[in-house]
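Asker: See coords_7.cif below, with mmCIF, C-alpha atoms.
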```
data_protein
#
loop_
_atom_site.label_atom_id
_atom_site.label_comp_id
_atom_site.auth_asym_id
_atom_site.auth_seq_id
_atom_site.Cartn_x
_atom_site.Cartn_y
_atom_site.Cartn_z
CA MET A 1 27.01 -5.16 -75.35
CA ALA A 2 23.95 -3.32 -74.12
CA ASP A 3 25.35 0.09 -74.91
CA PRO A 4 25.37 0.10 -78.74
CA THR A 5 21.92 -1.46 -79.06
CA LYS A 6 20.53 1.24 -76.83
CA ARG A 7 22.20 3.92 -78.93
CA SER A 8 20.85 2.54 -82.19
CA ASP A 9 17.41 2.41 -80.60
CA GLU A 10 17.67 6.10 -79.82
CA ASN A 11 18.69 6.93 -83.39
CA GLU A 12 15.72 5.08 -84.81
CA ARG A 13 13.19 6.87 -82.68
CA LYS A 14 14.64 10.38 -82.96
CA PRO A 15 11.96 11.71 -85.35
CA ASN A 16 9.08 10.89 -83.04
CA GLY A 17 9.03 13.44 -80.17
CA THR A 18 6.64 11.77 -77.71
CA ASP A 19 8.25 8.37 -78.20
CA ASP A 20 11.63 9.95 -77.46
CA ALA A 21 10.44 11.40 -74.17
CA ASP A 22 8.83 8.09 -73.29
CA LEU A 23 12.04 6.26 -74.08
CA SER A 24 14.18 8.59 -72.00
CA ALA A 25 11.77 8.21 -69.07
CA ARG A 26 11.94 4.46 -69.37
CA LEU A 27 15.73 4.57 -69.60
CA LYS A 28 15.85 6.70 -66.49
CA SER A 29 13.67 4.31 -64.51
CA LEU A 30 15.74 1.39 -65.77
CA ASP A 31 18.89 3.21 -64.66
CA ALA A 32 17.42 3.75 -61.21
CA ARG A 33 16.44 0.10 -60.94
CA ILE A 34 19.86 -1.11 -62.08
CA SER A 35 21.68 1.10 -59.59
CA GLN A 36 19.31 0.00 -56.81
CA ALA A 37 19.84 -3.64 -57.70
CA SER A 38 23.63 -3.25 -57.80
CA VAL A 39 23.62 -1.54 -54.41
CA GLN A 40 21.51 -4.38 -53.00
CA ARG A 41 23.82 -6.96 -54.53
CA ALA A 42 26.90 -5.21 -53.14
CA GLU A 43 25.30 -5.25 -49.70
CA ALA A 44 24.19 -8.86 -49.94
CA GLU A 45 27.38 -10.24 -51.45
CA PRO A 46 29.76 -10.49 -48.48
CA ARG A 47 27.18 -12.39 -46.44
CA GLU A 48 26.07 -15.17 -48.75
CA ARG A 49 29.24 -16.79 -49.99
CA PRO A 50 29.22 -20.14 -51.75
CA LYS A 51 31.28 -22.82 -50.07
CA SER A 52 33.86 -23.35 -52.82
CA ASP A 53 34.82 -19.81 -53.79
CA PRO A 54 38.36 -18.47 -53.41
CA HIS A 55 37.40 -16.23 -50.49
CA ALA A 56 37.58 -19.03 -47.94
CA ILE A 57 40.94 -20.46 -49.06
CA GLY A 58 42.25 -16.93 -49.49
CA GLN A 59 41.24 -16.20 -45.92
CA ALA A 60 43.13 -19.26 -44.69
CA PHE A 61 46.29 -18.13 -46.46
CA ARG A 62 45.83 -14.62 -45.09
CA LEU A 63 45.95 -15.76 -41.50
CA SER A 64 49.25 -17.59 -41.93
CA ALA A 65 51.50 -14.55 -41.73
CA GLU A 66 49.50 -12.06 -39.67
CA PHE A 67 50.78 -13.02 -36.23
CA VAL A 68 54.44 -13.50 -37.18
CA SER A 69 54.56 -10.14 -38.93
CA GLY A 70 53.27 -8.38 -35.82
CA VAL A 71 56.07 -9.84 -33.70
CA ILE A 72 58.68 -9.01 -36.35
CA ALA A 73 57.43 -5.43 -36.64
CA GLY A 74 57.56 -5.07 -32.86
CA GLY A 75 61.11 -6.41 -32.81
CA VAL A 76 62.25 -4.00 -35.53
CA VAL A 77 60.66 -1.04 -33.77
CA GLY A 78 62.25 -2.07 -30.48
CA TRP A 79 65.66 -2.45 -32.08
CA LEU A 80 65.35 1.01 -33.66
CA VAL A 81 64.28 2.52 -30.31
CA ASP A 82 67.34 0.93 -28.69
CA ARG A 83 69.64 2.25 -31.40
CA LEU A 84 68.20 5.77 -31.45
CA PHE A 85 67.75 6.38 -27.72
CA GLY A 86 70.37 4.04 -26.28
CA VAL A 87 67.99 2.37 -23.82
CA SER A 88 69.08 -1.18 -24.66
CA PRO A 89 67.58 -3.70 -23.87
CA TRP A 90 64.32 -2.14 -22.64
CA GLY A 91 63.06 -0.91 -25.99
CA LEU A 92 63.39 -4.37 -27.50
CA ILE A 93 61.71 -6.09 -24.55
CA ILE A 94 58.74 -3.74 -24.34
CA CYS A 95 58.24 -3.44 -28.10
CA LEU A 96 58.41 -7.22 -28.55
CA ILE A 97 55.61 -7.64 -26.01
CA LEU A 98 53.61 -4.90 -27.73
CA GLY A 99 54.41 -6.64 -31.03
CA PHE A 100 52.83 -9.82 -29.66
CA CYS A 101 49.73 -7.80 -28.83
CA ALA A 102 49.71 -6.25 -32.30
CA GLY A 103 50.11 -9.68 -33.90
CA MET A 104 47.22 -11.02 -31.87
CA LEU A 105 45.14 -8.01 -32.88
CA ASN A 106 46.04 -8.57 -36.56
CA LEU A 107 45.04 -12.21 -36.28
CA LEU A 108 41.72 -11.55 -34.57
CA ARG A 109 40.93 -8.75 -36.97
CA ALA A 110 41.75 -10.87 -40.01
CA ALA A 111 39.55 -13.64 -38.63
CA GLY A 112 36.73 -11.16 -38.07
CA MET A 113 36.62 -11.80 -34.33
CA VAL A 114 37.37 -8.20 -33.38
CA LYS A 115 34.85 -5.87 -34.92
CA SER A 116 36.61 -2.60 -34.39
CA ALA A 117 34.41 0.46 -34.61
CA ARG A 118 36.56 2.06 -37.26
CA TYR A 119 37.86 1.03 -40.60
CA ASP A 120 37.09 -2.68 -40.57
CA ASP A 121 33.32 -2.32 -40.50
CA LYS A 122 33.35 -1.89 -44.29
CA LYS A 123 34.21 -5.56 -44.73
CA MET B 124 71.32 -34.54 -56.48
CA ALA B 125 71.19 -30.79 -56.80
CA SER B 126 70.43 -28.76 -53.73
CA PRO B 127 66.74 -27.78 -53.45
CA ILE B 128 67.59 -24.14 -52.86
CA GLU B 129 69.94 -23.85 -55.81
CA GLN B 130 67.01 -22.66 -57.94
CA PHE B 131 66.76 -19.43 -55.94
CA GLN B 132 70.30 -18.28 -56.62
CA VAL B 133 70.50 -14.87 -58.24
CA LYS B 134 73.14 -15.09 -60.94
CA PRO B 135 74.47 -12.15 -62.90
CA ILE B 136 73.89 -12.30 -66.64
CA ILE B 137 75.45 -8.95 -67.58
CA PRO B 138 77.65 -8.14 -64.57
CA VAL B 139 78.55 -4.60 -65.68
CA ILE B 140 75.04 -3.18 -65.14
CA ASN B 141 74.01 -5.74 -62.49
CA PHE B 142 71.56 -7.44 -64.82
CA THR B 143 70.68 -10.75 -63.15
CA ASN B 144 68.39 -13.64 -63.93
CA SER B 145 65.96 -12.01 -61.48
CA SER B 146 65.91 -8.83 -63.57
CA LEU B 147 65.48 -10.90 -66.70
CA PHE B 148 62.38 -12.64 -65.38
CA MET B 149 60.89 -9.43 -64.02
CA ILE B 150 61.26 -7.85 -67.45
CA GLY B 151 59.94 -11.11 -68.90
CA ALA B 152 56.84 -10.96 -66.68
CA ALA B 153 56.20 -7.34 -67.66
CA ALA B 154 56.68 -8.22 -71.32
CA VAL B 155 54.28 -11.18 -71.06
CA ILE B 156 51.63 -8.97 -69.41
CA VAL B 157 51.94 -6.08 -71.85
CA GLY B 158 52.28 -8.32 -74.90
CA GLY B 159 49.44 -10.61 -73.83
CA LEU B 160 47.01 -7.83 -73.04
CA LEU B 161 47.87 -5.91 -76.23
CA TYR B 162 47.37 -9.10 -78.23
CA ALA B 163 44.10 -9.89 -76.45
CA THR B 164 42.60 -6.45 -76.99
CA ARG B 165 43.92 -5.80 -80.50
CA LYS B 166 40.52 -6.25 -82.16
CA LYS B 167 38.33 -4.58 -79.54
CA ALA B 168 35.47 -6.77 -80.75
CA LEU B 169 31.99 -6.28 -79.33
CA VAL B 170 31.61 -10.04 -78.98
CA PRO B 171 34.93 -11.02 -77.43
CA GLY B 172 37.03 -13.84 -78.80
CA ARG B 173 38.90 -16.25 -76.57
CA ALA B 174 41.88 -14.05 -75.79
CA GLN B 175 39.74 -10.97 -75.28
CA SER B 176 37.41 -12.83 -72.88
CA VAL B 177 40.37 -13.76 -70.74
CA ALA B 178 41.49 -10.14 -70.60
CA GLU B 179 37.95 -9.00 -69.78
CA ILE B 180 37.56 -11.62 -67.05
CA LEU B 181 40.85 -10.50 -65.47
CA HIS B 182 39.76 -6.87 -65.64
CA ASP B 183 36.31 -7.53 -64.18
CA PHE B 184 37.73 -9.76 -61.46
CA VAL B 185 40.13 -7.09 -60.20
CA ALA B 186 37.52 -4.34 -60.63
CA ASN B 187 34.96 -6.32 -58.60
CA THR B 188 37.47 -7.09 -55.86
CA LEU B 189 38.40 -3.41 -55.66
CA THR B 190 34.84 -2.03 -55.62
CA ASP B 191 33.61 -4.67 -53.16
CA THR B 192 36.23 -3.54 -50.66
CA THR B 193 36.63 0.17 -51.25
CA GLY B 194 33.43 1.22 -52.99
CA ARG B 195 33.14 3.31 -56.15
CA GLU B 196 35.82 5.86 -55.28
CA GLY B 197 38.41 3.10 -55.05
CA MET B 198 38.39 2.79 -58.83
CA LYS B 199 40.94 5.60 -59.07
CA PHE B 200 43.47 3.05 -57.81
CA PHE B 201 42.44 0.49 -60.42
CA PRO B 202 45.53 0.85 -62.68
CA PHE B 203 47.80 0.38 -59.66
CA VAL B 204 45.95 -2.64 -58.25
CA PHE B 205 45.54 -4.27 -61.65
CA SER B 206 49.27 -3.88 -62.41
CA LEU B 207 50.16 -5.40 -59.03
CA PHE B 208 47.78 -8.33 -59.50
CA MET B 209 48.99 -9.05 -63.02
CA PHE B 210 52.65 -8.79 -62.06
CA VAL B 211 52.37 -11.11 -59.06
CA LEU B 212 50.18 -13.59 -60.94
CA THR B 213 52.43 -13.67 -63.99
CA ALA B 214 55.62 -13.91 -61.96
CA ASN B 215 54.14 -16.78 -59.90
CA LEU B 216 52.96 -18.66 -62.96
CA LEU B 217 56.20 -18.08 -64.89
CA GLY B 218 58.00 -19.62 -61.93
CA MET B 219 55.97 -22.80 -62.40
CA ILE B 220 57.65 -23.49 -65.75
CA PRO B 221 60.54 -25.90 -65.08
CA GLY B 222 63.91 -24.21 -65.15
CA PHE B 223 62.48 -20.73 -64.81
CA PHE B 224 63.37 -18.36 -62.01
CA THR B 225 60.60 -17.40 -59.56
CA VAL B 226 60.86 -13.67 -58.98
CA THR B 227 58.32 -13.67 -56.13
CA SER B 228 60.35 -16.18 -54.11
CA GLN B 229 62.82 -13.35 -53.37
CA ILE B 230 61.80 -11.36 -50.30
CA VAL B 231 63.45 -8.23 -51.73
CA VAL B 232 60.98 -8.22 -54.61
CA THR B 233 57.87 -8.90 -52.53
CA PHE B 234 58.93 -6.41 -49.85
CA ALA B 235 59.45 -3.74 -52.50
CA LEU B 236 55.93 -4.40 -53.80
CA ALA B 237 54.53 -4.24 -50.25
CA LEU B 238 56.38 -0.96 -49.57
CA LEU B 239 54.86 0.43 -52.76
CA VAL B 240 51.38 -0.41 -51.44
CA ILE B 241 51.98 0.99 -47.95
CA GLY B 242 53.71 4.08 -49.38
CA THR B 243 50.67 4.73 -51.55
CA VAL B 244 48.35 4.30 -48.55
CA ILE B 245 50.36 6.69 -46.36
CA ILE B 246 50.91 9.36 -49.01
CA TYR B 247 47.34 9.28 -50.30
CA GLY B 248 45.97 9.17 -46.74
CA PHE B 249 47.87 12.30 -45.71
CA VAL B 250 47.19 14.16 -48.94
CA ALA B 251 43.46 13.42 -48.90
CA HIS B 252 42.72 13.60 -45.18
CA GLY B 253 45.65 15.47 -43.62
CA VAL B 254 46.00 14.95 -39.88
CA HIS B 255 42.63 13.19 -39.81
CA PHE B 256 44.43 10.17 -41.31
CA LEU B 257 46.12 9.68 -37.91
CA HIS B 258 42.70 8.78 -36.46
CA LEU B 259 43.46 5.37 -37.92
CA PHE B 260 45.64 4.81 -34.86
CA THR B 261 43.28 6.15 -32.19
CA PRO B 262 40.11 4.06 -32.01
CA SER B 263 37.09 5.74 -30.52
CA GLY B 264 35.45 4.50 -27.34
CA VAL B 265 38.65 3.53 -25.53
CA PRO B 266 39.14 4.64 -21.91
CA GLY B 267 41.73 7.40 -21.57
CA TRP B 268 44.35 5.51 -19.59
CA LEU B 269 44.36 2.71 -22.16
CA LEU B 270 44.72 5.02 -25.17
CA PRO B 271 48.57 5.27 -25.25
CA PHE B 272 48.94 1.47 -25.24
CA ILE B 273 46.28 0.97 -27.89
CA THR B 274 47.84 3.67 -30.06
CA VAL B 275 51.29 2.07 -29.89
CA ILE B 276 49.81 -1.36 -30.62
CA GLU B 277 47.86 0.05 -33.55
CA ILE B 278 51.01 1.70 -34.93
CA ILE B 279 52.97 -1.56 -34.66
CA SER B 280 50.03 -3.37 -36.23
CA PHE B 281 50.13 -0.87 -39.11
CA LEU B 282 53.90 -1.28 -39.48
CA SER B 283 53.45 -5.05 -39.59
CA ARG B 284 51.30 -4.80 -42.72
CA PRO B 285 54.06 -4.55 -45.33
CA ILE B 286 55.88 -7.36 -43.49
CA SER B 287 52.90 -9.71 -43.52
CA LEU B 288 52.08 -8.79 -47.12
CA SER B 289 55.59 -9.59 -48.35
CA LEU B 290 56.30 -12.50 -46.00
CA ARG B 291 53.17 -14.41 -47.03
CA LEU B 292 53.83 -14.26 -50.75
CA PHE B 293 57.56 -14.95 -50.40
CA ALA B 294 57.16 -17.85 -47.93
CA ASN B 295 54.45 -19.59 -49.92
CA MET B 296 56.36 -19.46 -53.18
CA LEU B 297 59.66 -20.46 -51.55
CA ALA B 298 58.19 -23.38 -49.60
CA GLY B 299 56.24 -24.70 -52.56
CA HIS B 300 59.22 -24.71 -54.89
CA ILE B 301 61.48 -26.33 -52.30
CA ALA B 302 58.89 -29.07 -51.64
CA LEU B 303 58.54 -29.77 -55.35
CA LYS B 304 62.29 -30.00 -55.78
CA VAL B 305 62.72 -32.27 -52.74
CA PHE B 306 60.10 -34.73 -53.99
CA GLY B 307 61.62 -34.62 -57.45
CA GLY B 308 64.97 -35.45 -55.89
CA PHE B 309 63.42 -38.42 -54.04
CA VAL B 310 62.37 -39.95 -57.35
CA VAL B 311 65.95 -39.90 -58.63
CA SER B 312 67.63 -41.09 -55.43
CA LEU B 313 65.10 -43.91 -54.91
CA GLY B 314 65.37 -44.95 -58.54
CA THR B 315 69.15 -45.33 -58.37
CA ALA B 316 69.25 -46.91 -54.90
CA GLY B 317 68.85 -50.57 -55.92
CA ILE B 318 66.44 -52.92 -57.67
CA GLY B 319 64.02 -53.49 -54.76
CA ILE B 320 63.90 -49.86 -53.65
CA ALA B 321 63.58 -48.54 -57.20
CA LEU B 322 60.05 -49.99 -57.26
CA LEU B 323 59.09 -47.36 -54.69
CA SER B 324 60.24 -44.42 -56.79
CA PRO B 325 56.86 -43.81 -58.52
CA LEU B 326 55.38 -42.87 -55.13
CA PRO B 327 57.18 -39.50 -54.75
CA LEU B 328 56.56 -38.95 -58.45
CA LEU B 329 52.80 -39.13 -57.78
CA MET B 330 53.31 -36.75 -54.87
CA ALA B 331 55.21 -34.34 -57.11
CA VAL B 332 52.34 -34.38 -59.62
CA GLY B 333 49.87 -33.58 -56.83
CA LEU B 334 52.15 -30.85 -55.47
CA THR B 335 52.41 -29.28 -58.91
CA ALA B 336 48.62 -28.92 -59.04
CA LEU B 337 48.66 -27.47 -55.53
CA GLU B 338 51.40 -25.04 -56.52
CA PHE B 339 49.32 -23.72 -59.41
CA LEU B 340 46.47 -23.14 -56.96
CA VAL B 341 48.81 -21.38 -54.53
CA ALA B 342 50.31 -19.24 -57.30
CA ALA B 343 46.90 -17.92 -58.33
CA LEU B 344 45.63 -17.66 -54.76
CA GLN B 345 48.61 -15.70 -53.48
CA ALA B 346 48.16 -13.15 -56.26
CA TYR B 347 44.50 -12.91 -55.22
CA VAL B 348 45.32 -12.54 -51.51
CA PHE B 349 47.92 -9.87 -52.28
CA THR B 350 45.31 -7.96 -54.27
CA VAL B 351 42.59 -8.28 -51.61
CA LEU B 352 44.90 -7.03 -48.87
CA THR B 353 46.05 -4.15 -51.08
CA CYS B 354 42.38 -3.21 -51.49
CA ILE B 355 41.74 -3.43 -47.73
CA TYR B 356 44.72 -1.19 -46.98
CA LEU B 357 43.73 1.28 -49.70
CA ASN B 358 40.29 1.35 -48.09
CA ASP B 359 41.95 2.69 -44.93
CA ALA B 360 43.53 5.49 -46.94
CA LEU B 361 40.20 6.31 -48.58
CA HIS B 362 38.03 6.21 -45.46
CA PRO B 363 40.06 6.50 -42.24
CA GLY B 364 38.36 6.89 -38.88
CA HIS B 365 34.85 5.69 -39.59
#
```
Please rewrite the model in this file as structure tokens.
Answerer:
Amino acid sequence: MADPTKRSDENERKPNGTDDADLSARLKSLDARISQASVQRAEAEPRERPKSDPHAIGQAFRLSAEFVSGVIAGGVVGWLVDRLFGVSPWGLIICLILGFCAGMLNLLRAAGMVKSARYDDKK
Amino acid sequence: MASPIEQFQVKPIIPVINFTNSSLFMIGAAAVIVGGLLYATRKKALVPGRAQSVAEILHDFVANTLTDTTGREGMKFFPFVFSLFMFVLTANLLGMIPGFFTVTSQIVVTFALALLVIGTVIIYGFVAHGVHFLHLFTPSGVPGWLLPFITVIEIISFLSRPISLSLRLFANMLAGHIALKVFGGFVVSLGTAGIGIALLSPLPLLMAVGLTALEFLVAALQAYVFTVLTCIYLNDALHPGH
């Protein structure tokens, strides 16, 4: 919406040289202010969330499968280790325990309890 | 009374090429998305009409979700994420129409979608960062003797991502549809059970109405959760090892 009006403005003022320079300077400062404001908003947004927005319910649904999937993944890995290296049943036992740990880690990370120093600090 | 899980049966429509009702509704969902968006954007008006506003809201919603999580450079994945969101949302909502097949209540479908996401993350991560992508599995600041355990746990945690992504969507859609069908069945069996008991049959009907509203919420929310998690995982591929 803002784009075409700006363009028509430019066309109108083309003949006048000083006005044109003034306009471009003003546009530039406006650009800078908009980008600054959008950066500020992006930084502020995750912290101040209204009570009723989908984030909270979405979060609740997220947690439901995190732990189970960790255990299942551990079980599958253990089963594959058993099949490939023939160390049945130790691969399954150890990988299931590690899968429990991974599921716990998933859960805590999804709940924001574990602030790992790496990729999750973006959130 | 029909079995509550009868609605999930995959039946062949054209057996020769394995065209099932599942395939039909997947093609249907894709057709609804493409047709609807083409219809909504046919005028490309500066002041959007009703249909075009809906399309713009959907676009802005997914774009905001993506840039909030991954930053500006995540927008190169926008077509992928938007297609995923629209497909899951449309398939969920199509399943809410009585008699229609719910594609996302089949774990094969949701797992294929999740594998697509994780495959994209792995391939893009290795192409863009090379071996550095493996730093995702080795957190910094961990004592040396603990590192092997943590690495294995991180790898299992990474492998569990497609499982949790697919399991969540599949389980929510399956459970919701079964619950609806069970309460619908209660109405019929109470109504035919005798004169005194038949007076009770409006109660499960009320419950079914409430559940239908809840199911619409879940259908939209699961599409949203799927999209958010896709964005979070793509963020790992874009910026591993911070």
Asker: What's the 6 Å shell around A:Gly91, counting only C-alpha atoms, without same-chain residues fewer than 6 positions away, as a PDB file with C-alpha atoms, in the coordinates of the input?
Answerer:
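And here's selection07.pdb as it stands now:
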```pdb
ATOM      1  CA  GLY A  78      62.250  -2.070 -30.480  1.00  0.00           C
ATOM      2  CA  VAL A  81      64.280   2.520 -30.310  1.00  0.00           C
ATOM      3  CA  ASP A  82      67.340   0.930 -28.690  1.00  0.00           C
TER       4      ASP A  82
END
```
Asker: Evaluate the PyMOL selection byres ((chain B and resi 244-259) around 7) against this structure - the residues, as a list in words, please.
Answerer: Val240, Ile241, Gly242, Thr243, Phe260, Thr261, Pro262, Tyr356, Leu357, Ala360, Leu361, Pro363 and Gly364 of chain B
Asker: Convert the output of the PyMOL selection byres ((chain A) within 6 of (chain B)) on the shown file into explicit residues, formatted as a PyMOL selection string.
Answerer: chain A and resi 58+65-66+69-70+73+98+102+118-119
Asker: I need the output of the PyMOL selection byres ((chain B and resi 160) around 12) for this file as a list in words; which residues are they?
Answerer: Ala153, Ala154, Val155, Ile156, Val157, Gly158, Gly159, Leu161, Tyr162, Ala163, Thr164, Arg165, Lys166, Lys167, Ala174, Gln175, Ser176, Val177, Ala178, Glu179, Ile180, Leu181, His182, Ser206 and Met209 of chain B
Asker: What does the structure give for the distance between atom CA of A:Leu96 and atom CA of A:Trp79, in Å to one decimal?
Answerer: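 Answer for the atom CA of A:Leu96 to atom CA of A:Trp79 separation: 9.4 Å.
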Asker: Just the number, please: distance in Å from atom CA of A:Ile97 to atom CA of B:Ala237, one decimal.
Answerer: 24.5 Å
Asker: Rounded to one decimal in Å, what is the spacing between atom CA of B:Ala214 and atom CA of B:Thr350?
Answerer: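 Atom CA of B:Thr350 lies 14.2 Å from atom CA of B:Ala214.
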Asker: Set the distance at 8 Å and use all atoms listed in the file: which residues neighbour B:Val226 once local chain neighbours fewer than 4 positions away are removed? I'd like the list as JSON, numbers by chain.
Answerer: {"B": [145, 148, 149, 214, 215, 218, 232]}
Asker: Would you compute, for all listed atoms of stretch 96-100 of chain A, the axis-aligned bounding box grown by 4 Å on each side, and then report its centre and edge lengths in Å rounded to one decimal, as AutoDock Vina command-line options?
Answerer:
```
--center_x 55.6 --center_y -7.4 --center_z -28.5 --size_x 13.6 --size_y 12.9 --size_z 13.0
```
Asker: Using all atoms listed in the file, pick whichever of A:Met104, A:Ser29, A:Ala111, A:Leu92 has the shortest atom-to-atom distance to A:Ala60.
Answerer: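 Smallest distance to A:Ala60 is found for A:Ala111.
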Asker: Just checking: using all atoms listed in the file, which residue out of B:Phe309, B:Val185, B:Thr315, B:Phe224 ends up closest to B:Thr143?
Answerer: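 Between B:Phe309, B:Val185, B:Thr315, B:Phe224, the residue approaching B:Thr143 most closely is B:Phe224.
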Asker: Which is closest to B:Gly333 among B:Gly307, B:Pro138, B:Gly151, B:Gly197, if we use only C-alpha atoms?
Answerer: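 Closest to B:Gly333 of all the choices is B:Gly307.
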Asker: Between A:Thr18, A:Ile72, A:Cys101, A:Phe67, which is the closest to B:Thr274 once you count all atoms listed in the file?
Answerer: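 Among A:Thr18, A:Ile72, A:Cys101, A:Phe67, it is A:Cys101 that comes nearest to B:Thr274.
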Asker: Start from the incomplete input, build N, CA and C atoms for stretch 290-312 of chain B, and deliver everything as a PDB file, in the frame of the given file.
Answerer:
```pdb
ATOM      1  N   LEU B 290      55.883 -11.211 -46.556  1.00  0.00           N
ATOM      2  CA  LEU B 290      56.300 -12.500 -46.000  1.00  0.00           C
ATOM      3  C   LEU B 290      55.419 -13.627 -46.526  1.00  0.00           C
ATOM      4  N   ARG B 291      54.112 -13.369 -46.627  1.00  0.00           N
ATOM      5  CA  ARG B 291      53.170 -14.410 -47.030  1.00  0.00           C
ATOM      6  C   ARG B 291      53.460 -14.881 -48.450  1.00  0.00           C
ATOM      7  N   LEU B 292      53.585 -13.915 -49.352  1.00  0.00           N
ATOM      8  CA  LEU B 292      53.830 -14.260 -50.750  1.00  0.00           C
ATOM      9  C   LEU B 292      55.178 -14.976 -50.909  1.00  0.00           C
ATOM     10  N   PHE B 293      56.215 -14.387 -50.291  1.00  0.00           N
ATOM     11  CA  PHE B 293      57.560 -14.950 -50.400  1.00  0.00           C
ATOM     12  C   PHE B 293      57.611 -16.357 -49.822  1.00  0.00           C
ATOM     13  N   ALA B 294      57.044 -16.551 -48.606  1.00  0.00           N
ATOM     14  CA  ALA B 294      57.160 -17.850 -47.930  1.00  0.00           C
ATOM     15  C   ALA B 294      56.400 -18.930 -48.689  1.00  0.00           C
ATOM     16  N   ASN B 295      55.226 -18.580 -49.197  1.00  0.00           N
ATOM     17  CA  ASN B 295      54.450 -19.590 -49.920  1.00  0.00           C
ATOM     18  C   ASN B 295      55.151 -20.035 -51.197  1.00  0.00           C
ATOM     19  N   MET B 296      55.701 -19.076 -51.937  1.00  0.00           N
ATOM     20  CA  MET B 296      56.360 -19.460 -53.180  1.00  0.00           C
ATOM     21  C   MET B 296      57.642 -20.242 -52.903  1.00  0.00           C
ATOM     22  N   LEU B 297      58.405 -19.778 -51.894  1.00  0.00           N
ATOM     23  CA  LEU B 297      59.660 -20.460 -51.550  1.00  0.00           C
ATOM     24  C   LEU B 297      59.393 -21.891 -51.106  1.00  0.00           C
ATOM     25  N   ALA B 298      58.449 -22.055 -50.154  1.00  0.00           N
ATOM     26  CA  ALA B 298      58.190 -23.380 -49.600  1.00  0.00           C
ATOM     27  C   ALA B 298      57.677 -24.332 -50.671  1.00  0.00           C
ATOM     28  N   GLY B 299      56.789 -23.844 -51.527  1.00  0.00           N
ATOM     29  CA  GLY B 299      56.240 -24.700 -52.560  1.00  0.00           C
ATOM     30  C   GLY B 299      57.306 -25.200 -53.522  1.00  0.00           C
ATOM     31  N   HIS B 300      58.200 -24.297 -53.929  1.00  0.00           N
ATOM     32  CA  HIS B 300      59.220 -24.710 -54.890  1.00  0.00           C
ATOM     33  C   HIS B 300      60.233 -25.649 -54.259  1.00  0.00           C
ATOM     34  N   ILE B 301      60.555 -25.415 -52.973  1.00  0.00           N
ATOM     35  CA  ILE B 301      61.480 -26.330 -52.300  1.00  0.00           C
ATOM     36  C   ILE B 301      60.849 -27.719 -52.197  1.00  0.00           C
ATOM     37  N   ALA B 302      59.557 -27.772 -51.798  1.00  0.00           N
ATOM     38  CA  ALA B 302      58.890 -29.070 -51.640  1.00  0.00           C
ATOM     39  C   ALA B 302      58.868 -29.831 -52.955  1.00  0.00           C
ATOM     40  N   LEU B 303      58.567 -29.118 -54.037  1.00  0.00           N
ATOM     41  CA  LEU B 303      58.540 -29.770 -55.350  1.00  0.00           C
ATOM     42  C   LEU B 303      59.907 -30.377 -55.678  1.00  0.00           C
ATOM     43  N   LYS B 304      60.945 -29.561 -55.431  1.00  0.00           N
ATOM     44  CA  LYS B 304      62.290 -30.000 -55.780  1.00  0.00           C
ATOM     45  C   LYS B 304      62.721 -31.190 -54.931  1.00  0.00           C
ATOM     46  N   VAL B 305      62.344 -31.165 -53.632  1.00  0.00           N
ATOM     47  CA  VAL B 305      62.720 -32.270 -52.740  1.00  0.00           C
ATOM     48  C   VAL B 305      62.056 -33.561 -53.205  1.00  0.00           C
ATOM     49  N   PHE B 306      60.771 -33.513 -53.546  1.00  0.00           N
ATOM     50  CA  PHE B 306      60.100 -34.730 -53.990  1.00  0.00           C
ATOM     51  C   PHE B 306      60.627 -35.195 -55.341  1.00  0.00           C
ATOM     52  N   GLY B 307      60.989 -34.232 -56.198  1.00  0.00           N
ATOM     53  CA  GLY B 307      61.620 -34.620 -57.450  1.00  0.00           C
ATOM     54  C   GLY B 307      62.939 -35.321 -57.212  1.00  0.00           C
ATOM     55  N   GLY B 308      63.691 -34.828 -56.219  1.00  0.00           N
ATOM     56  CA  GLY B 308      64.970 -35.450 -55.890  1.00  0.00           C
ATOM     57  C   GLY B 308      64.794 -36.853 -55.335  1.00  0.00           C
ATOM     58  N   PHE B 309      63.705 -37.084 -54.565  1.00  0.00           N
ATOM     59  CA  PHE B 309      63.420 -38.420 -54.040  1.00  0.00           C
ATOM     60  C   PHE B 309      63.263 -39.428 -55.167  1.00  0.00           C
ATOM     61  N   VAL B 310      62.592 -39.029 -56.237  1.00  0.00           N
ATOM     62  CA  VAL B 310      62.370 -39.950 -57.350  1.00  0.00           C
ATOM     63  C   VAL B 310      63.713 -40.460 -57.867  1.00  0.00           C
ATOM     64  N   VAL B 311      64.661 -39.529 -58.067  1.00  0.00           N
ATOM     65  CA  VAL B 311      65.950 -39.900 -58.630  1.00  0.00           C
ATOM     66  C   VAL B 311      66.727 -40.775 -57.649  1.00  0.00           C
ATOM     67  N   SER B 312      66.785 -40.348 -56.364  1.00  0.00           N
ATOM     68  CA  SER B 312      67.630 -41.090 -55.430  1.00  0.00           C
ATOM     69  C   SER B 312      67.046 -42.466 -55.114  1.00  0.00           C
TER      70      SER B 312
END
```
